[in-house]
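Scroll down for the structure; my scribbles are underneath it.
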Amino acid sequence: MKKFKWEILIFVLFILSRIPGMGHDNFTTDTWKWKSRSYDFGTGVFEMKFEKTLQKYHPGVTLMWIGTMGVKFYNLYYDLVYKTPPPDNNISVVFGLDFTQKLLLTIVISLALVSIYEALKNIFNYKVALLSVLFISLEPFYVSLTRVFHLEGLLSTFMLASTLWLYLYYLKNSNRYLLYSGIFAGLSILTKTTALYLLPFSFIFLLIVKLKENIHRTESGKFKFSHFLRIYLLPLSIWFFTLITTIFILWPALWVDLVGVFEAIYRGITVIGIEREHIQYYFGRLVENPGISFYPVVFLYKSSVWLLLGIIGCLWVLKKLNKQERNFIIYLIFYSVFYIVAISIPGKKLDRYIVPSIASLSIIPVFFYKVIWGTLDKFKKEKINPIKILFLLSYATLLIVTLVTMHPDYLSYYNPLFGGLRKGINVLEPKWLIGRGEIINYFSDIQNEGKFNKSTDSSIEEIIGTGEISSVLTVGFPEKYYTQIWPFFREIGAWAVIQDMTPQAKHAQYFVYPVWDDDSEKEVRFDIKYVTSISVRGIPIYSVYKRI
């Protein structure tokens, strides 16, 4: 236990940091898709219909394994406690299953973070490794995407682990580090096809390393092609074979339909990934492709203050760092910047795609703060340095204020250096719902004040048919927000409906529009009037209209 005390601490603290509100914090537009795919994936595995494990071109295999096991564990729990399978259309089951699946997802990410710690500890020391994992774990955008049942949290952690173990191979020249890197690279590609970036990056990195090694090892200093091939192809083969083996073992669809899998992935990359665009608001304008400026803007708005200042500071004190630290920083920058270049090529661009770069860049500030920490020793020689204590308290306060005030709505984070939430929503449209708590609190008060009945029915068609819908609070949302808010309305005995579905929307007493996309003037079916705005941290986010 003493030998692995820091590993255990990282594992436990990361899980504990995600548990508050878990299973009752958010649902995204894609949550239901991945939950459904997990059911089908599990059917394919346990009924040996392996072709069903090909559900999406992403391919999302790691997430579906987690989702499948979450279903199995939750069903077992329900059977042991209640002596019956979980009932359909029960809202407590929806939240209970979400908690179980997210808990398993958090455990997997936590294990990957422990691996990142191990790699960094071997590259530098345990202090640098601990601070790095801390900075990664507390970066707001990373926090938000490790709290949702989705791909990006897994992807960014797996990719970073693979990259760090590959760098450790460069330092130590041990093949076991290639195995670790290859396993995490395989897990990354199984999670999402954007991780294919690791192939050219790793090939080129090993190429540069071995070219340099080949020249140094020859007595004349001249390039020898035969020697180079031998020292390059062996580690490359080990890394690539481990990657392929990991993918093949964990994706049963490959066992029965190898060609079909590759066709689906190819179509996903070329047709959907590169050619298809994604309409969104960017600097207040509706665009299909926001262009090459998109990800730099996302980085500025979605990264934390301490990350930006740490990177700038690190570049400022770069000469004070030793050669190993400088080489490592350059390695991380190349990995992150070229990943951003790679994801900028397709027409489809979303803010969350940048998280692998943010996770890796989160390590760089460690070296700046390390220099600052050493510099503070010059001011006081006593054992207890008040300046150091003040520095720690200031930094801890910034972390706590930033993270605690947003809990659990971390998707609403925008860097305060660039206007924060107030300006950020008009620059980068929130792709997933924010302010869930504020919405529910507002309509809970409306429900109580208006003396609405609480509906426990399993379907809205039932109460429409009986006419009871008129006495139940019903609120219309744009379709993409409806998918994320309806479980919370069901929990309070109210109903959320899709605004565009007239048979249900005609029973809604209220309609909600985001302020950056308020097209209420297009509503011609019903007479509605503006009532108020729902604010998040004092900033209006949603406009509420009441049906006359």
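A note on labels: chains of the structure tokens are A, B, ... as shown, every chain counts residues from 1, and ligands are counted from 1 in their shown order.
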>> Could you go through segment 9-255 of chain A and tell me which residues DSSP, when run on the backbone, assigns to alpha helix (DSSP H), listing them as a PyMOL selection string?
In response: chain A and resi 9-18+31-46+61-82+91-123+126-138+140-145+152-172+175-191+198-217+225-250+253-255
Taking a cut-off of 12 Å and counting only C-alpha atoms, can you build a table that, for each residue of segment 43-89 of chain A near segment 447-470 of chain A, reports the nearest atom pair and how far apart they are in Å (one decimal), sorted by chain then residue number, as a Markdown table?
```
| residue | atom | partner | partner_atom | distance |
| --- | --- | --- | --- | --- |
| A:Pro87 | CA | A:Ser458 | CA | 10.9 |
| A:Asp88 | CA | A:Ser458 | CA | 8.8 |
| A:Asn89 | CA | A:Ser458 | CA | 5.9 |
```
All residues 9 Å or closer to Val531 of chain A, only C-alpha atoms, same chain fewer than 6 positions away omitted, as a PDB file with N, CA, C and O atoms, in the first residue's frame:
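Output saved as out_25.pdb:
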```
ATOM      1  N   SER A 543     -34.803  32.642 -22.624  1.00  0.00           N
ATOM      2  CA  SER A 543     -35.989  33.494 -22.594  1.00  0.00           C
ATOM      3  C   SER A 543     -37.221  32.611 -22.423  1.00  0.00           C
ATOM      4  O   SER A 543     -37.367  31.608 -23.120  1.00  0.00           O
ATOM      5  N   VAL A 544     -38.086  32.985 -21.501  1.00  0.00           N
ATOM      6  CA  VAL A 544     -39.291  32.209 -21.208  1.00  0.00           C
ATOM      7  C   VAL A 544     -40.507  32.957 -21.750  1.00  0.00           C
ATOM      8  O   VAL A 544     -40.680  34.158 -21.496  1.00  0.00           O
ATOM      9  N   TYR A 545     -41.329  32.251 -22.508  1.00  0.00           N
ATOM     10  CA  TYR A 545     -42.552  32.817 -23.074  1.00  0.00           C
ATOM     11  C   TYR A 545     -43.745  32.025 -22.551  1.00  0.00           C
ATOM     12  O   TYR A 545     -43.684  30.795 -22.425  1.00  0.00           O
ATOM     13  N   LYS A 546     -44.819  32.750 -22.279  1.00  0.00           N
ATOM     14  CA  LYS A 546     -46.047  32.115 -21.804  1.00  0.00           C
ATOM     15  C   LYS A 546     -47.083  32.151 -22.913  1.00  0.00           C
ATOM     16  O   LYS A 546     -47.218  33.157 -23.617  1.00  0.00           O
TER      17      LYS A 546
END
```
Can you write out as JSON lines which residues of segment 88-182 of chain A fall within 8 Å of segment 27-43 of chain A, alongside each residue's closest atom pair and its distance in Å to one decimal, counting only C-alpha atoms and ordering rows by chain and ascending residue number?
```
{"residue": "A:Val148", "atom": "CA", "partner": "A:Phe27", "partner_atom": "CA", "distance": 7.1}
{"residue": "A:Phe149", "atom": "CA", "partner": "A:Thr31", "partner_atom": "CA", "distance": 5.9}
{"residue": "A:His150", "atom": "CA", "partner": "A:Thr31", "partner_atom": "CA", "distance": 6.7}
```
> Between A:Pro235, A:Ile10, A:Leu307, A:Thr474, which is the closest to Leu134 of chain A once you count only C-alpha atoms?
Replying inline: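 Comparing A:Pro235, A:Ile10, A:Leu307, A:Thr474 against Leu134 of chain A, the winner is A:Ile10.
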> Hey, which of A:Thr483, A:Asn173, A:Ser357, A:Ser202 ends up closest to Glu139 of chain A? Count only C-alpha atoms.
Replying inline: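 Closest residue, counting only C-alpha atoms: A:Ser357.
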> Restricting the calculation to only C-alpha atoms, which member of A:Glu325, A:Glu523, A:Asp409, A:Glu429 is positioned closest to Phe294 of chain A?
Replying inline: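 Ranked by minimum distance to Phe294 of chain A, first place goes to A:Glu429.
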>> Please determine, counting only C-alpha atoms, which residue among A:Ala396, A:Leu76, A:Ile66, A:Val271 has the shortest atom-to-atom distance to Leu105 of chain A.
In response: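 Of A:Ala396, A:Leu76, A:Ile66, A:Val271, the one nearest Leu105 of chain A, counting only C-alpha atoms, is A:Ile66.
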>> Could you check the closest approach to Val45 of chain A for each of A:Trp255, A:Phe141, A:Trp432, A:Phe95 and tell me which residue wins, using only C-alpha atoms?
In response: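 Looking at the shortest contact to Val45 of chain A, the residue is A:Trp255.
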> Near Ser137 of chain A, within 9 Å and counting only C-alpha atoms, which residues show up once chain neighbours fewer than 6 positions away are dropped, as a list in words?
Replying inline: Phe14, Leu113, Val143 and Ala359 of chain A
>> Could you check the closest approach to Ser303 of chain A for each of A:Leu207, A:Ile136, A:Ile343, A:Val371 and tell me which residue wins, using only C-alpha atoms?
In response: A:Ile136
>> For the structure I just gave you, how does DSSP split segment 195-313 of chain A - specifically, which residues are strand (DSSP E)? Reply as a PyMOL selection string.
In response: chain A and resi 280-282+285-287
